[in-house]
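Notes follow once the structure below has been shown.
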Amino acid sequence: MRAVAALACLLLAAGGCRRAHHPHPEATIEEPSELRAAIEVANPADEGQLLDGFYPREPGGWRWSAPEFTVTLAVPRELAGKDAQLEMEFIIPEAAAADLAGLTITAAIDGRQLPPWRAAGAGAQKAVFAVPGELLREAAVIVDFRLDRFVAPRGAETRRLGIIPSRFRLAAREK
Amino acid sequence: MTRLGRRDALLLLAAPALMLWLDWHGLRTWFHQDDFAWLALARSVDSAARLWQALLEPAAQGTVRVWSERVFFLALERLFGLDHRPFHLVVLGTQAVNLGLLYWITLRLSGSRLAAAAAPVLWVLSPGLAVPLAWLSAYNQILCGFFLLAAFACLLRWLDTESTGWFAAQAALFVLGFGALEVNVVYPALATAWCWLERRRVPSAVWWLWLPAVAFAVLHLVLIPKPATGVYAQHWDHSILKTYAAYWTMALGGGPDAEAVVKNIPARGAAAWLLSAALLGWLLRAAWLRERLAVFGFLWFTAVLSPVLPLRDHVSDYYLALPAIGVAWMLASMLAAAGRAGRAAAAPAAALLAVYALYAGSAHRATADWRYQHGREARYLVTAMERAAELHPGGLFALSGIDSELFWGGFHDGRLLFRERFCLDPRERTSVEVPAGFPDISAAFCSPAEISQAVRQKTLAAYRWLPVERRLRATTRIYLHRLPREWLDLPPARVMPAEPWAARWLGQGWHQQEPGGRWTARSAELTLAAPDQAGRVLRVSVFRPASLLDKPVEVRIRVDGTERGQGQLDKQRPFLDIHVPLPEARPGWRMMRVAIEAEPVARVPGDARELGVFVTSAGWQ
């Protein structure tokens, strides 16, 4: 009986002997605590603001988007509650020009659609969406983009490819 | 007496060396599957009473494996936490002793050093040993092997010396072996069989060993409920022969499991047939020649396997770990006999053993490697969960992106390690396959009501598993953004009346908020989310000070007007948790009114209020 009691004490006390354990800090990828109003897709520091619909980084840092993708942007203090514009710089590669000809991009904040933007053709371009001030009352916005065309999977490429976004920015509305 | 010399020491080294090579990955496998349930049990021990309960309360399938599961996990978790290496050192140490015992026993039974050196090597190659050496929850096989072999070695010493000390040691080891694995019950049959084979009579003392075995078997039959359905249902019919044949094939390196894990070695079925034919031929000849080791090997294989033969739908490779000793003896005796017969017989015997080594060894190695990979994935996930819990203590963690393999390997039991609730997004229910006979997994999924409540309390943390990077990525922003709006309108699944946010869900009959809860009047109502699936249980925690319990108080719980549960408070039991099984979810049923009624009510001088019960929480999971 004494042996059993000794074993019980040993087991209960043993917990105090072991070293404090801390999991590896890189075991999770946390969301950025501070958001930026302008982000670069190729910048790893901004990756946390690409919320959904971006394929893995290609050599050179650029990424394909899916036909639907989502980013979050901080609302700069000077823009809070004011009419502003949302800018997206992107590329339509020549190889995808035929599939994306006549592409229209829509963006929505809090479920409210912004006026759509129609792409001119292949190459680098900048889509600009007018954002009413009432959508900019929070410290950050989540923007859902949607493309009405995409490059369908073919051959070894199984993904539905959209465009190659490079930069997103919330800025004061240009007169 | 069989004395061991320097030559034996060298021969003895072959088997552990082979084990280290074959199980190099297996012996470094991280925790997975049931391991987490045992580790969680160890973490739950915070008092002597709880320790006693953790050591002796029946667990899975009503088993109480005190040494091989309870003490093993409790002690090592307590000392080393989630460091798997000390656990594996214990496994390795035990198995090294087992190999030494097997060498000595084989030498004693056969008198052949060739057989003695071969038997441990052949056992190490067995596909059945891969899992117990890699998966810590299967340590019971290794430890039971120790008790069986050690008791049997003591029996042999007793037969040689007639010293009662050896018999007593044997009996003690046999009885202690029940704390390792139920298969231990077959030991008297093994002892009896050997005595009869060697002496053509069974000493009367050996018959006494049957007493604890029969008592254990009867207790097991009477006390442990036997499931009528599922993989643990027993089938006492001709399927036993089929199951026996399946294990036999598997023991020789064949069978569907081996086919599945080793794809690059062909003709596995043909090899198993060849080995079977050779072994059966050898067995017939051995019986004729009175080669006791071969016959005893066959009896050992059959006896040690017999307890699992009725489990027709649960044929598992690791159940072969101990029966495989019998196979090793059959093969080793064949080799020794062939060696004695000369080169002409030795060459085919060696070729057969080479075939066994190739097929059994490859299945063993592949199984061990698969377990290692399984443990690695679980380690990444559990470490990420630890990190998430460290960053968001007390949160509700809604995970997504977990596939079936990771779910069963790491998540299902791994989540039990945490005080925080980790659950999968309910919309991913179909991404997890539930094989027949596996437990209900409802509790592993968050309910929409829990999520909605966590959103309101700002304690929700959403993460997505990234299978390539093997990390959890925080996705709370997008998760909240995409959350179905109708979820956010749901009432909570659990209300703590002391919390300010709870007031919104309390109806009539509540007095003002107090630290820890609220008093009800004779009856009080609250609104909770309706259950999202079958099997949810409502728990209402109530209290009334003993000074207000002159008479017992009946507490009744109504759900949407129908009485569903009740309990009684009295001076001996002023605290009460009332558990109320809830009806199944049905379309359109989003919320339910829960009424808590207390009779009689109490009054305190100077206080005009009618006091029913003090409610600390009410909710379902």
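To be explicit about the labels: the chains of the structure tokens are called A, B, and onward in the order shown, and within each one the residues are counted from 1, while ligands get numbers from 1 in the order they are shown.
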
Next on the checklist: Run DSSP on the backbone and tell me which residues of range 68-126 of chain A come out as alpha helix (DSSP H); list them as a ChimeraX atom specification.
Outcome noted: /A:97-100

Checklist entry - Using only C-alpha atoms, which residues sit within 10 Å of Val604 in chain B once same-chain residues fewer than 6 positions away are excluded, as a list in words? => result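 That gives Leu548, Glu610 and Leu611 of chain B.
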
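For Pro44 in chain A, the list of residues within 12 Å, based on only C-alpha atoms and with local chain neighbours fewer than 2 positions off taken out, reads Ile29, Pro32, Ile39, Glu40, Val41, Ala42, Asp46, Glu47, Gly48, Gln49, Leu50, Pro56, Arg57, Gly60, Gly61, Trp62 and Arg63 of chain A.
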
Would you mind exporting the chosen residues as a PDB file, in the first residue's frame, restricted to C-alpha atoms?
ATOM      1  CA  ILE A  29       0.873  31.994 -39.846  1.00  0.00           C
ATOM      2  CA  PRO A  32      -1.185  40.897 -39.587  1.00  0.00           C
ATOM      3  CA  ILE A  39      -0.281  46.354 -50.638  1.00  0.00           C
ATOM      4  CA  GLU A  40       2.024  44.667 -53.143  1.00  0.00           C
ATOM      5  CA  VAL A  41       1.153  41.089 -54.085  1.00  0.00           C
ATOM      6  CA  ALA A  42       4.834  40.169 -54.459  1.00  0.00           C
ATOM      7  CA  ASP A  46       1.619  41.925 -47.356  1.00  0.00           C
ATOM      8  CA  GLU A  47       0.677  38.280 -47.836  1.00  0.00           C
ATOM      9  CA  GLY A  48      -1.625  38.306 -44.818  1.00  0.00           C
ATOM     10  CA  GLN A  49      -3.886  40.805 -46.551  1.00  0.00           C
ATOM     11  CA  LEU A  50      -4.458  38.495 -49.539  1.00  0.00           C
ATOM     12  CA  PRO A  56       0.889  30.094 -54.755  1.00  0.00           C
ATOM     13  CA  ARG A  57       3.734  32.434 -55.507  1.00  0.00           C
ATOM     14  CA  GLY A  60       9.632  36.199 -59.192  1.00  0.00           C
ATOM     15  CA  GLY A  61       6.953  36.565 -56.538  1.00  0.00           C
ATOM     16  CA  TRP A  62       3.932  37.175 -58.765  1.00  0.00           C
ATOM     17  CA  ARG A  63       0.732  35.180 -58.415  1.00  0.00           C
TER      18      ARG A  63
END

Next on the checklist: Distance cut-off 10 Å, counting only C-alpha atoms - which residues of chain B neighbour chain A? Return them as a ChimeraX atom specification.
Outcome noted: /B:42-43,45-49,51-52,71,74-83,380-391,463-466,469-479,481

Next on the checklist: Neighbouring residues of range 416-431 of chain B were defined as those with any atom within 9 Å, considering only C-alpha atoms; residues of the same chain fewer than 6 positions away were excluded. Please report them as a PyMOL selection string.
Outcome noted: chain B and resi 36-37+39-41+43+382+385-386+389+393-404+442-448+462

Next on the checklist: As an exercise, work out the distance from CA of Lys126 in chain A to CA of Ala74 in chain A in Å and give it to one decimal place.
Outcome noted: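 Atom-to-atom, CA of Lys126 in chain A and CA of Ala74 in chain A are spaced 19.6 Å apart.
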